[in-house]
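Trainee: My structure is stored as query29.txt, with compact mmCIF, C-alpha atoms.
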# COMPACT_ATOMS: atom_id res chain seq x y z
CA MET A 1 0.00 0.00 0.00
CA PHE A 2 2.79 2.44 0.98
CA GLN A 3 6.31 2.75 -0.39
CA LEU A 4 8.94 5.37 0.33
CA GLN A 5 11.17 6.26 -2.62
CA ARG A 6 14.36 8.13 -1.80
CA SER A 7 16.01 7.96 -5.22
CA MET A 8 15.55 6.36 -8.63
CA LEU A 9 16.49 2.89 -7.37
CA ASP A 10 15.95 3.22 -3.61
CA PHE A 11 12.49 1.95 -2.59
CA GLU A 12 11.36 0.90 0.89
CA ALA A 13 8.11 -0.97 1.53
CA LEU A 14 6.41 0.50 4.60
CA ASP A 15 4.21 -1.30 7.11
CA PRO A 16 2.95 1.45 9.43
CA PRO A 17 0.73 0.72 12.45
CA ARG A 18 -2.88 0.15 11.38
CA ALA A 19 -6.11 0.16 13.33
CA PRO A 20 -9.81 0.43 12.51
CA ILE A 21 -11.38 3.85 12.89
CA LYS A 22 -13.03 3.57 16.31
CA PRO A 23 -16.50 5.08 16.90
CA VAL A 24 -16.82 6.80 20.29
CA ALA A 25 -19.99 7.92 22.02
CA SER A 26 -18.61 11.12 23.53
CA THR A 27 -16.31 13.80 22.20
CA PRO A 28 -12.81 13.74 23.75
CA PRO A 29 -11.87 16.94 25.60
CA ARG A 30 -10.27 19.80 23.69
CA PRO A 31 -10.29 23.63 23.87
CA VAL A 32 -13.84 24.98 23.69
CA ALA A 33 -12.93 27.62 21.12
CA ALA A 34 -10.36 27.86 18.35
CA THR A 35 -8.28 30.90 17.54
CA PRO A 36 -8.31 32.51 14.08
CA PRO A 37 -5.44 31.67 11.72
CA ALA A 38 -2.12 33.30 12.57
CA GLU A 39 -0.97 36.45 10.82
CA GLY A 40 0.72 35.58 7.55
CA ALA A 41 -0.83 32.11 7.38
CA VAL A 42 -0.78 30.27 4.06
CA THR A 43 -3.90 30.84 1.98
CA SER A 44 -5.30 28.56 -0.70
CA ALA A 45 -8.65 27.28 -1.94
CA TYR A 46 -11.21 27.10 0.89
CA ALA A 47 -9.24 29.86 2.68
CA SER A 48 -6.20 27.75 3.67
CA CYS A 49 -4.27 24.59 2.86
CA ALA A 50 -6.13 23.07 5.84
CA ARG A 51 -9.25 23.75 3.71
CA ASN A 52 -11.36 24.64 6.76
CA GLY A 53 -12.72 28.00 5.57
CA ARG A 54 -11.24 30.03 8.44
CA VAL A 55 -9.80 33.50 7.82
CA ARG A 56 -8.07 35.86 10.23
CA ALA A 57 -9.90 39.14 9.51
CA PRO A 58 -13.05 39.98 11.49
CA LEU A 59 -16.18 41.00 9.62
CA GLY A 60 -17.34 43.54 12.21
CA ASP A 61 -20.67 45.26 11.64
CA GLU A 62 -22.79 43.50 9.02
CA ALA A 63 -24.13 46.82 7.72
CA GLY A 64 -22.28 49.59 5.93
CA TRP A 65 -20.46 47.66 3.19
CA ALA A 66 -20.28 49.47 -0.15
CA LEU A 67 -18.82 48.72 -3.57
CA ARG A 68 -15.31 50.17 -3.94
CA TRP A 69 -14.43 48.92 -7.41
CA ARG A 70 -15.20 46.30 -10.00
CA ARG A 71 -13.07 45.10 -12.86
CA PRO A 72 -13.37 42.58 -15.71
CA LEU A 73 -11.64 39.23 -15.27
CA ASP A 74 -10.75 39.07 -18.96
CA GLY A 75 -10.99 35.32 -19.42
CA VAL A 76 -9.96 34.18 -15.93
CA ASP A 77 -12.71 31.74 -14.96
CA ALA A 78 -12.64 32.49 -11.23
CA THR A 79 -13.16 29.59 -8.83
CA ALA A 80 -11.25 31.00 -5.83
CA ILE A 81 -10.07 34.38 -4.55
CA LEU A 82 -7.05 34.67 -2.23
CA ALA A 83 -5.74 37.81 -0.54
CA THR A 84 -2.87 39.12 1.57
CA ASP A 85 -2.30 42.57 3.06
CA ASP A 86 -1.35 44.05 -0.31
CA ARG A 87 -2.18 41.52 -3.02
CA ILE A 88 -5.23 39.75 -4.47
CA LEU A 89 -4.91 36.49 -6.42
CA VAL A 90 -7.88 35.32 -8.49
CA THR A 91 -7.56 31.72 -9.65
CA GLY A 92 -9.44 29.28 -11.87
CA GLN A 93 -8.39 28.15 -15.33
CA GLY A 94 -5.97 31.06 -15.09
CA TRP A 95 -4.59 33.31 -12.37
CA LEU A 96 -4.68 37.08 -12.04
CA LEU A 97 -2.53 39.05 -9.56
CA LEU A 98 -3.92 42.43 -8.49
CA THR A 99 -3.23 45.27 -6.09
CA PRO A 100 -5.86 46.09 -3.42
CA ASP A 101 -7.12 48.80 -5.81
CA GLY A 102 -7.78 46.24 -8.55
CA ASP A 103 -4.79 47.12 -10.76
CA GLU A 104 -3.38 44.17 -12.69
CA LEU A 105 0.22 43.14 -12.00
CA ALA A 106 0.47 39.79 -13.81
CA ARG A 107 -1.53 36.85 -15.13
CA GLY A 108 -0.96 33.27 -16.25
CA ARG A 109 -2.44 29.80 -16.61
CA VAL A 110 -3.25 27.19 -13.97
CA VAL A 111 -3.04 23.44 -14.59
CA GLY A 112 -3.70 20.66 -12.10
CA GLY A 113 -4.41 22.14 -8.68
CA PRO A 114 -5.24 25.18 -6.54
CA PRO A 115 -2.47 27.79 -6.11
CA ALA A 116 -1.28 28.70 -2.61
CA ILE A 117 0.01 32.02 -1.26
CA HIS A 118 2.85 32.02 1.26
CA PRO A 119 2.89 35.59 2.62
CA ALA A 120 5.85 35.01 4.94
CA ASP A 121 8.04 34.18 1.93
CA GLY A 122 6.44 36.73 -0.39
CA THR A 123 5.64 34.01 -2.92
CA PHE A 124 2.80 31.99 -4.38
CA LEU A 125 2.88 28.48 -5.83
CA VAL A 126 1.09 27.53 -9.03
CA VAL A 127 1.17 24.53 -11.38
CA GLU A 128 1.42 25.77 -14.95
CA GLN A 129 1.51 24.39 -18.50
CA GLY A 130 3.32 21.08 -18.80
CA GLY A 131 2.98 20.37 -15.08
CA VAL A 132 5.70 22.89 -14.21
CA LEU A 133 5.60 24.08 -10.60
CA ALA A 134 6.35 27.80 -10.50
CA VAL A 135 7.20 29.71 -7.34
CA ARG A 136 6.32 33.30 -8.19
CA GLN A 137 6.89 36.57 -6.38
CA LEU A 138 3.87 38.26 -4.83
CA ALA A 139 5.37 41.67 -5.50
CA ASP A 140 5.00 41.48 -9.28
CA GLY A 141 4.04 37.91 -10.24
CA GLN A 142 7.41 37.23 -11.84
CA PRO A 143 8.84 33.71 -11.46
CA TRP A 144 11.44 33.19 -8.75
CA LEU A 145 12.06 29.58 -9.71
CA ARG A 146 10.48 26.67 -11.52
CA THR A 147 10.78 22.92 -11.36
CA ILE A 148 9.09 19.85 -12.81
CA PRO A 149 7.84 17.63 -9.98
CA ARG A 150 7.12 13.92 -10.15
CA GLY A 151 4.30 13.02 -12.54
CA ALA A 152 4.37 16.50 -14.06
CA ASP A 153 1.49 16.84 -16.51
CA GLY A 154 -1.73 14.84 -16.20
CA VAL A 155 -2.06 14.71 -12.43
CA VAL A 156 -4.39 16.47 -10.01
CA ARG A 157 -2.56 18.23 -7.18
CA PRO A 158 -4.78 18.90 -4.14
CA LEU A 159 -1.92 20.32 -2.05
CA LEU A 160 0.95 22.71 -2.78
CA TRP A 161 2.82 23.41 0.46
CA ARG A 162 5.98 25.34 1.17
CA ARG A 163 7.71 25.68 4.53
CA GLY A 164 10.99 27.54 4.24
CA GLY A 165 13.24 25.61 1.87
CA ARG A 166 10.94 22.58 1.63
CA LEU A 167 8.10 21.92 -0.80
CA VAL A 168 5.49 19.20 -0.28
CA LEU A 169 3.16 18.30 -3.15
CA ALA A 170 0.27 15.83 -3.21
CA ALA A 171 -0.87 14.28 -6.48
CA THR A 172 -3.15 11.64 -7.99
CA ARG A 173 -2.85 10.24 -11.48
CA VAL A 174 -5.59 8.22 -13.17
CA PRO A 175 -3.90 6.17 -15.94
CA MET A 176 -5.68 6.60 -19.29
CA ASP A 177 -5.37 4.75 -22.58
CA PRO A 178 -5.23 6.69 -25.89
CA HIS A 179 -9.05 6.68 -26.00
CA GLY A 180 -9.42 8.33 -22.62
CA HIS A 181 -10.46 5.17 -20.75
CA SER A 182 -8.98 4.04 -17.46
CA HIS A 183 -8.14 0.35 -17.02
CA GLU A 184 -5.92 0.69 -13.94
CA PRO A 185 -6.53 1.97 -10.42
CA PRO A 186 -5.42 5.53 -9.60
CA ARG A 187 -1.93 6.09 -8.26
CA SER A 188 -1.11 8.78 -5.73
CA HIS A 189 1.93 10.22 -4.03
CA LEU A 190 3.16 12.81 -1.56
CA GLU A 191 6.46 14.33 -2.67
CA ALA A 192 8.97 16.46 -0.76
CA LEU A 193 11.52 18.64 -2.55
CA GLY A 194 14.30 20.76 -1.07
CA LEU A 195 15.19 24.10 -2.64
CA GLY A 196 18.83 23.80 -1.56
CA ASP A 197 20.96 26.03 0.66
CA PRO A 198 21.84 28.29 -0.96
CA VAL A 199 19.09 28.27 -3.58
CA GLU A 200 20.57 28.24 -7.08
CA VAL A 201 18.44 29.23 -10.07
CA ASP A 202 19.32 29.41 -13.78
CA ARG A 203 19.08 33.11 -14.58
CA GLY A 204 17.94 32.44 -18.12
CA THR A 205 15.22 29.82 -17.62
CA GLY A 206 14.39 30.15 -13.93
CA ASP A 207 14.99 26.40 -13.49
CA LEU A 208 15.88 25.32 -9.96
CA LEU A 209 19.46 24.01 -10.07
CA SER A 210 19.90 23.19 -6.38
CA GLN A 211 16.84 20.94 -6.07
CA GLN A 212 17.08 18.11 -3.55
CA GLU A 213 14.91 14.99 -3.76
CA LEU A 214 13.83 14.52 -0.14
CA GLY A 215 11.60 11.53 -0.79
CA THR A 216 8.25 10.45 -2.20
CA LEU A 217 5.53 8.48 -0.44
CA LEU A 218 3.94 6.24 -3.09
CA VAL A 219 0.36 5.17 -2.41
CA GLU A 220 -1.84 2.65 -4.20
CA GLY A 221 -5.27 4.08 -4.98
CA GLY A 222 -6.87 7.47 -5.03
CA PRO A 223 -8.01 10.11 -5.23
CA LEU A 224 -5.67 11.34 -2.50
CA LEU A 225 -6.77 14.21 -0.26
CA ALA A 226 -4.14 15.97 1.86
CA ALA A 227 -3.91 18.82 4.35
CA PRO A 228 -1.16 20.01 6.71
CA MET A 229 -1.50 19.33 10.42
CA PRO A 230 -1.33 22.35 12.77
CA ASP A 231 2.45 22.08 13.23
CA GLY A 232 2.97 22.51 9.48
CA GLU A 233 5.36 19.55 9.43
CA ALA A 234 3.02 16.53 9.42
CA PHE A 235 0.05 15.90 7.12
CA ALA A 236 -3.34 14.24 7.18
CA ILE A 237 -4.08 12.20 4.07
CA ALA A 238 -7.25 10.37 3.05
CA LEU A 239 -7.87 7.90 0.26
CA PRO A 240 -10.41 5.10 -0.19
CA GLY A 241 -10.55 3.01 2.96
CA HIS A 242 -7.72 4.86 4.72
CA LEU A 243 -7.08 7.94 6.84
CA ALA A 244 -3.43 8.43 7.80
CA ARG A 245 -1.02 10.74 9.58
CA VAL A 246 2.23 11.31 7.71
CA GLY A 247 5.31 12.73 9.42
CA ALA A 248 7.78 15.29 8.13
CA ASP A 249 9.89 12.41 6.79
CA LEU A 250 6.86 11.26 4.73
CA ARG A 251 6.53 8.06 6.75
CA PRO A 252 2.97 7.26 7.88
CA THR A 253 2.93 7.26 11.69
CA ALA A 254 -0.60 5.85 11.95
CA VAL A 255 -3.13 4.47 9.47
CA PHE A 256 -6.82 4.14 10.32
CA THR A 257 -9.09 2.03 8.16
CA ASP A 258 -12.79 1.66 7.38
CA ASP A 259 -15.03 1.08 4.37
CA PHE A 260 -15.40 4.60 2.92
CA THR A 261 -14.44 6.81 0.03
CA PRO A 262 -13.31 10.34 0.96
CA VAL A 263 -14.87 13.19 -1.00
CA ALA A 264 -13.54 16.26 0.85
CA LEU A 265 -11.25 16.90 3.83
CA SER A 266 -10.62 19.79 6.19
CA VAL A 267 -8.41 19.87 9.30
CA ASP A 268 -8.84 22.06 12.38
CA ASP A 269 -6.33 23.65 14.77
CA GLN A 270 -6.20 20.47 16.89
CA GLY A 271 -5.49 18.20 13.93
CA TRP A 272 -9.00 16.70 13.84
CA SER A 273 -10.03 15.57 10.36
CA HIS A 274 -13.48 16.60 9.13
CA LEU A 275 -14.55 14.61 6.09
CA VAL A 276 -17.38 14.33 3.63
CA VAL A 277 -17.38 10.63 2.70
CA ASP A 278 -19.34 8.09 0.69
CA VAL A 279 -20.43 5.10 2.79
CA ASP A 280 -22.81 2.39 1.55
CA GLY A 281 -23.96 4.59 -1.33
CA LYS A 282 -24.76 7.56 0.93
CA ARG A 283 -22.90 10.75 1.66
CA ALA A 284 -21.98 11.44 5.28
CA LEU A 285 -20.10 13.78 7.60
CA TRP A 286 -17.30 12.25 9.68
CA VAL A 287 -15.06 13.79 12.34
CA VAL A 288 -11.97 11.75 13.30
CA THR A 289 -9.38 12.62 15.95
CA PRO A 290 -5.63 12.31 15.29
CA ASP A 291 -5.64 8.96 17.15
CA GLY A 292 -8.40 7.47 15.01
CA LYS A 293 -11.50 8.04 17.16
CA ARG A 294 -14.59 8.92 15.11
CA THR A 295 -16.66 11.39 17.13
CA VAL A 296 -19.22 12.20 14.42
CA PHE A 297 -20.95 9.98 11.85
CA ARG A 298 -23.91 11.83 10.39
CA THR A 299 -25.59 10.66 7.18
CA LEU A 300 -26.51 13.66 5.04
CA PRO A 301 -29.96 14.10 3.47
CA PRO A 302 -30.40 12.66 -0.07
CA ASP A 303 -30.54 16.16 -1.58
CA MET A 304 -26.97 16.73 -0.31
CA ALA A 305 -25.57 13.79 -2.29
CA ASP A 306 -23.78 16.26 -4.57
CA CYS A 307 -21.91 17.90 -1.67
CA GLY A 308 -18.23 18.03 -2.60
CA ARG A 309 -16.87 20.91 -0.50
CA PRO A 310 -14.76 20.43 2.61
CA PRO A 311 -16.65 21.10 5.87
CA VAL A 312 -16.38 24.71 7.04
CA LEU A 313 -15.23 24.89 10.66
CA GLY A 314 -16.40 27.57 13.07
CA LEU A 315 -14.16 28.90 15.81
CA ASP A 316 -16.77 27.62 18.29
CA ARG A 317 -16.25 24.07 16.86
CA ARG A 318 -19.51 24.07 14.92
CA ILE A 319 -19.38 22.38 11.53
CA VAL A 320 -21.07 23.61 8.36
CA VAL A 321 -21.65 21.44 5.30
CA VAL A 322 -22.39 23.36 2.11
CA ALA A 323 -24.18 21.65 -0.79
CA PRO A 324 -25.71 23.29 -3.89
CA GLY A 325 -29.26 22.93 -2.56
CA ARG A 326 -28.85 22.97 1.20
CA VAL A 327 -26.55 24.35 3.90
CA VAL A 328 -26.59 22.59 7.29
CA GLY A 329 -24.95 23.62 10.55
CA PHE A 330 -23.97 20.95 13.08
CA ASP A 331 -22.89 21.38 16.68
CA PRO A 332 -19.53 19.87 17.75
CA SER A 333 -21.20 16.54 18.58
CA GLY A 334 -22.62 16.29 15.04
CA ALA A 335 -26.23 17.10 15.91
CA PRO A 336 -27.92 19.34 13.28
CA SER A 337 -28.60 22.77 14.75
CA TRP A 338 -29.95 24.70 11.73
CA GLU A 339 -30.28 24.50 7.98
CA ARG A 340 -30.99 26.74 5.02
CA VAL A 341 -32.18 26.27 1.46
CA PRO A 342 -30.10 28.87 -0.43
CA MET A 343 -31.65 31.01 -3.13
CA ALA A 344 -28.93 29.77 -5.52
CA PRO A 345 -26.06 27.26 -5.24
CA PRO A 346 -23.50 28.87 -2.90
CA ALA A 347 -20.27 30.01 -4.53
CA GLY A 348 -18.43 29.54 -1.24
CA ALA A 349 -18.39 30.04 2.50
CA ILE A 350 -15.86 31.22 5.08
CA VAL A 351 -15.67 31.75 8.83
CA THR A 352 -14.32 35.18 9.78
CA GLY A 353 -12.02 36.09 12.67
CA ASP A 354 -15.04 37.08 14.77
CA ASP A 355 -16.69 33.71 14.04
CA ARG A 356 -19.27 34.80 11.44
CA LEU A 357 -20.31 32.33 8.75
CA LEU A 358 -20.18 34.32 5.51
CA VAL A 359 -21.82 32.73 2.43
CA ALA A 360 -21.99 33.97 -1.18
CA GLU A 361 -25.19 32.80 -2.82
CA GLY A 362 -26.88 34.18 -5.93
CA ASP A 363 -26.49 37.95 -5.89
CA ARG A 364 -25.88 38.27 -2.15
CA VAL A 365 -23.31 37.74 0.55
CA ILE A 366 -25.07 36.70 3.74
CA VAL A 367 -24.15 36.00 7.34
CA TYR A 368 -25.89 32.77 8.31
CA ARG A 369 -26.91 32.52 11.94
CA ALA A 370 -29.03 30.05 13.86
CA ASP A 371 -31.65 32.67 14.74
CA ARG A 372 -31.64 35.00 11.73
CA ASP A 373 -29.60 35.83 8.64
CA ALA A 374 -28.08 39.22 7.87
CA ARG A 375 -27.38 40.49 4.38
CA VAL A 376 -23.96 42.09 3.96
CA VAL A 377 -23.87 42.69 0.20
CA HIS A 378 -26.60 42.70 -2.46
CA GLU A 379 -25.70 43.09 -6.13
CA PRO A 380 -28.98 42.83 -8.09
CA GLY A 381 -28.63 40.89 -11.34
CA ALA A 382 -25.30 39.33 -10.43
CA ARG A 383 -24.58 35.63 -9.87
CA PHE A 384 -21.55 35.08 -7.70
CA THR A 385 -19.31 32.20 -8.80
CA ALA A 386 -16.35 32.60 -6.41
CA GLY A 387 -15.81 34.00 -2.94
CA PRO A 388 -16.44 35.38 -0.49
CA CYS A 389 -12.88 36.35 0.41
CA LEU A 390 -12.20 38.69 3.32
CA SER A 391 -8.69 40.16 3.10
CA PRO A 392 -6.55 41.06 6.14
CA GLN A 393 -7.38 44.70 5.32
CA ARG A 394 -11.12 43.83 5.43
CA LEU A 395 -11.82 44.04 1.74
CA LEU A 396 -14.71 41.74 0.82
CA LEU A 397 -14.19 40.15 -2.59
CA VAL A 398 -16.56 38.13 -4.76
CA ALA A 399 -16.55 37.19 -8.44
CA THR A 400 -19.15 36.69 -11.13
CA GLU A 401 -18.52 34.89 -14.42
CA GLY A 402 -16.91 38.01 -15.86
CA GLU A 403 -16.07 40.43 -13.05
CA LEU A 404 -14.36 40.79 -9.70
CA LEU A 405 -16.14 43.01 -7.19
CA CYS A 406 -14.52 44.59 -4.12
CA TYR A 407 -16.48 45.95 -1.17
CA GLY A 408 -15.25 47.95 1.81
CA ARG A 409 -16.64 49.71 4.83
CA SER A 410 -18.41 52.91 3.85
What does this structure look like when you write it as structure tokens?
Mentor:
Amino acid sequence: MFQLQRSMLDFEALDPPRAPIKPVASTPPRPVAATPPAEGAVTSAYASCARNGRVRAPLGDEAGWALRWRRPLDGVDATAILATDDRILVTGQGWLLLTPDGDELARGRVVGGPPAIHPADGTFLVVEQGGVLAVRQLADGQPWLRTIPRGADGVVRPLLWRRGGRLVLAATRVPMDPHGHSHEPPRSHLEALGLGDPVEVDRGTGDLLSQQELGTLLVEGGPLLAAPMPDGEAFAIALPGHLARVGADLRPTAVFTDDFTPVALSVDDQGWSHLVVDVDGKRALWVVTPDGKRTVFRTLPPDMADCGRPPVLGLDRRIVVVAPGRVVGFDPSGAPSWERVPMAPPAGAIVTGDDRLLVAEGDRVIVYRADRDARVVHEPGARFTAGPCLSPQRLLLVATEGELLCYGRS
């Protein structure tokens, strides 16, 4: 099931500890409330590489938001909006780097996975044409370095992670014949690359010359879902029948098994995995602790069978599952506490630094609450397709099929 490859000819079969996922009747103790993400945290699709929807900035008063600017996306089919203190990155089939005033700095193409912004390093990671991984500068979008990771073109990359001089990339490849049919099971891997010390880059091509192969965890099956654990060194990975913890050396430290297929994964600040899974032909919400205890198993209603988004995690430990036709809030024990039928399929949802659930649906951005909803933005005639994104400077960003809209406090 697991192999560790250190070089072209150096393979090691791994037999990590395995145990069944264990249902428990009560939730193990943990802090009652979570803290917002740290300043300068990595941002990616679903707000972070942990994919839990949490952002640092508080929303504040729900009233008083006004349109500051709007600009055409010029062919960038927006599916996610990321933001730092002084940059906005719109991503989809392409990427577009903007200033907070909406001025374009650079643009390019995206192939095979969601980009990730690393504010502390002043860079963002994006997989481009030919499967090339580019590390680009946030200042102007120009490439700092580029490399071709394992598998290159034709793989889906759910995780692009950088910590200092180390890159970790997750990937799944579905083998296809010349007619586009698959006759083999998917193959997945988690790959670690070193940038070198010092980093050496070809000045003409931008190719990374000092690259170090730190190892690749080869996994049978897929698709592979991956998210960093809170320490930023270890990772949670999920694939059919398996949920595992992987250490910084890419060795699985624990593998938990059950009969399920993972659909989406998010990880909280305590390293608890929140999953949307398929079990016995039905879609369900699971919560599993780092030591393999399942504290929540909640079958979702039939009209949520198309739910494919990672669970959104409130700072008060509540869990929100967003499907095109229904949004349901669960308390930490997994009991449903409220639900909504949105006016249109939600484009996205985040939890702000003051623990507000912000949802973009149809032509509105709404705060969902158990007792009543509050409208923050209304753009008659629009249909939001990406966002909401709340920047550290409290700019509220949403996209339609052709435009990016920016709102601020009036």
Trainee: Counting all atoms listed in the file, figure out which residue out of A:Leu239, A:Leu89, A:Ala323, A:Ala13 gets nearest to Ser188 (chain A).
Mentor: A:Leu239
Trainee: Mind listing whatever residues come within 9 Å of the point (-8.4, 15.5, 16.6)? Use only C-alpha atoms, file coordinates, and give them as a PyMOL selection string.
Mentor: chain A and resi 28+30+267-273+287-293
Trainee: Between CA of Ala47 (chain A) and CA of Ile350 (chain A), what is the distance in Å, rounded to a tenth?
Mentor: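 Here the two named atoms are 7.2 Å from each other.
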Trainee: Taking (11.2, 16.0, -0.5) in the coordinates of the supplied file, I want to know which residues reach to within 7 Å of it, counting all atoms listed in the file; could you give the answer as a VMD selection string?
Mentor: chain A and resid 166 to 168 191 to 194 212 to 216
Trainee: Which residue is closest to Glu12 (chain A)? Choose from A:Leu159, A:Val127, A:Leu265, A:Leu217 and count all atoms listed in the file.
Mentor: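 Smallest separation from Glu12 (chain A) among the options: A:Leu217.
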Trainee: Report, in Å with one decimal, the straight-line distance from CA of Leu405 (chain A) to CA of Gln393 (chain A).
Mentor: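 Here the two named atoms are 15.4 Å from each other.
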Trainee: Would you mind telling me which residue in A:Gln137, A:Ala78, A:Leu225, A:Pro342 lies nearest to Ala171 (chain A) when using all atoms listed in the file?
Mentor: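 Nearest to Ala171 (chain A): A:Leu225.
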Trainee: Rounded to one decimal, what separation in Å do you get between CA of Val126 (chain A) and CA of Leu396 (chain A)?
Mentor: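 Separation between CA of Val126 (chain A) and CA of Leu396 (chain A): 23.4 Å.
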Trainee: Take the structure in the block and write a file for region 260-279 of chain A, N, CA and C atoms, as a short mmCIF file (atom, residue, chain, number, x, y, z; two decimals), in the first residue's frame.
Mentor:
data_model
loop_
_atom_site.label_atom_id
_atom_site.label_comp_id
_atom_site.auth_asym_id
_atom_site.auth_seq_id
_atom_site.Cartn_x
_atom_site.Cartn_y
_atom_site.Cartn_z
N PHE A 260 -14.90 3.27 3.32
CA PHE A 260 -15.40 4.60 2.92
C PHE A 260 -14.57 5.12 1.76
N THR A 261 -15.15 6.08 1.07
CA THR A 261 -14.44 6.81 0.03
C THR A 261 -14.46 8.29 0.39
N PRO A 262 -13.31 8.92 0.59
CA PRO A 262 -13.31 10.34 0.96
C PRO A 262 -13.67 11.22 -0.24
N VAL A 263 -14.46 12.23 0.03
CA VAL A 263 -14.87 13.19 -1.00
C VAL A 263 -14.20 14.55 -0.75
N ALA A 264 -14.13 14.96 0.51
CA ALA A 264 -13.54 16.26 0.85
C ALA A 264 -13.00 16.17 2.27
N LEU A 265 -11.95 16.94 2.55
CA LEU A 265 -11.25 16.90 3.83
C LEU A 265 -10.90 18.30 4.28
N SER A 266 -11.16 18.59 5.56
CA SER A 266 -10.62 19.79 6.19
C SER A 266 -10.08 19.41 7.56
N VAL A 267 -9.08 20.17 8.05
CA VAL A 267 -8.41 19.87 9.30
C VAL A 267 -8.47 21.11 10.19
N ASP A 268 -8.74 20.91 11.49
CA ASP A 268 -8.84 22.06 12.38
C ASP A 268 -7.52 22.29 13.12
N ASP A 269 -7.54 23.24 14.06
CA ASP A 269 -6.33 23.65 14.77
C ASP A 269 -5.83 22.60 15.75
N GLN A 270 -6.62 21.56 16.03
CA GLN A 270 -6.20 20.47 16.89
C GLN A 270 -5.80 19.23 16.09
N GLY A 271 -5.83 19.33 14.77
CA GLY A 271 -5.49 18.20 13.93
C GLY A 271 -6.61 17.20 13.72
N TRP A 272 -7.86 17.57 14.07
CA TRP A 272 -9.00 16.70 13.84
C TRP A 272 -9.40 16.78 12.37
N SER A 273 -9.62 15.63 11.77
CA SER A 273 -10.03 15.57 10.36
C SER A 273 -11.54 15.60 10.26
N HIS A 274 -12.05 16.48 9.41
CA HIS A 274 -13.48 16.60 9.13
C HIS A 274 -13.67 16.20 7.67
N LEU A 275 -14.44 15.17 7.44
CA LEU A 275 -14.55 14.61 6.09
C LEU A 275 -15.99 14.53 5.63
N VAL A 276 -16.17 14.76 4.33
CA VAL A 276 -17.38 14.33 3.63
C VAL A 276 -16.98 13.03 2.94
N VAL A 277 -17.74 11.96 3.20
CA VAL A 277 -17.38 10.63 2.70
C VAL A 277 -18.59 9.98 2.04
N ASP A 278 -18.31 8.99 1.22
CA ASP A 278 -19.34 8.09 0.69
C ASP A 278 -19.24 6.77 1.45
N VAL A 279 -20.35 6.36 2.04
CA VAL A 279 -20.43 5.10 2.79
C VAL A 279 -21.73 4.40 2.40
#
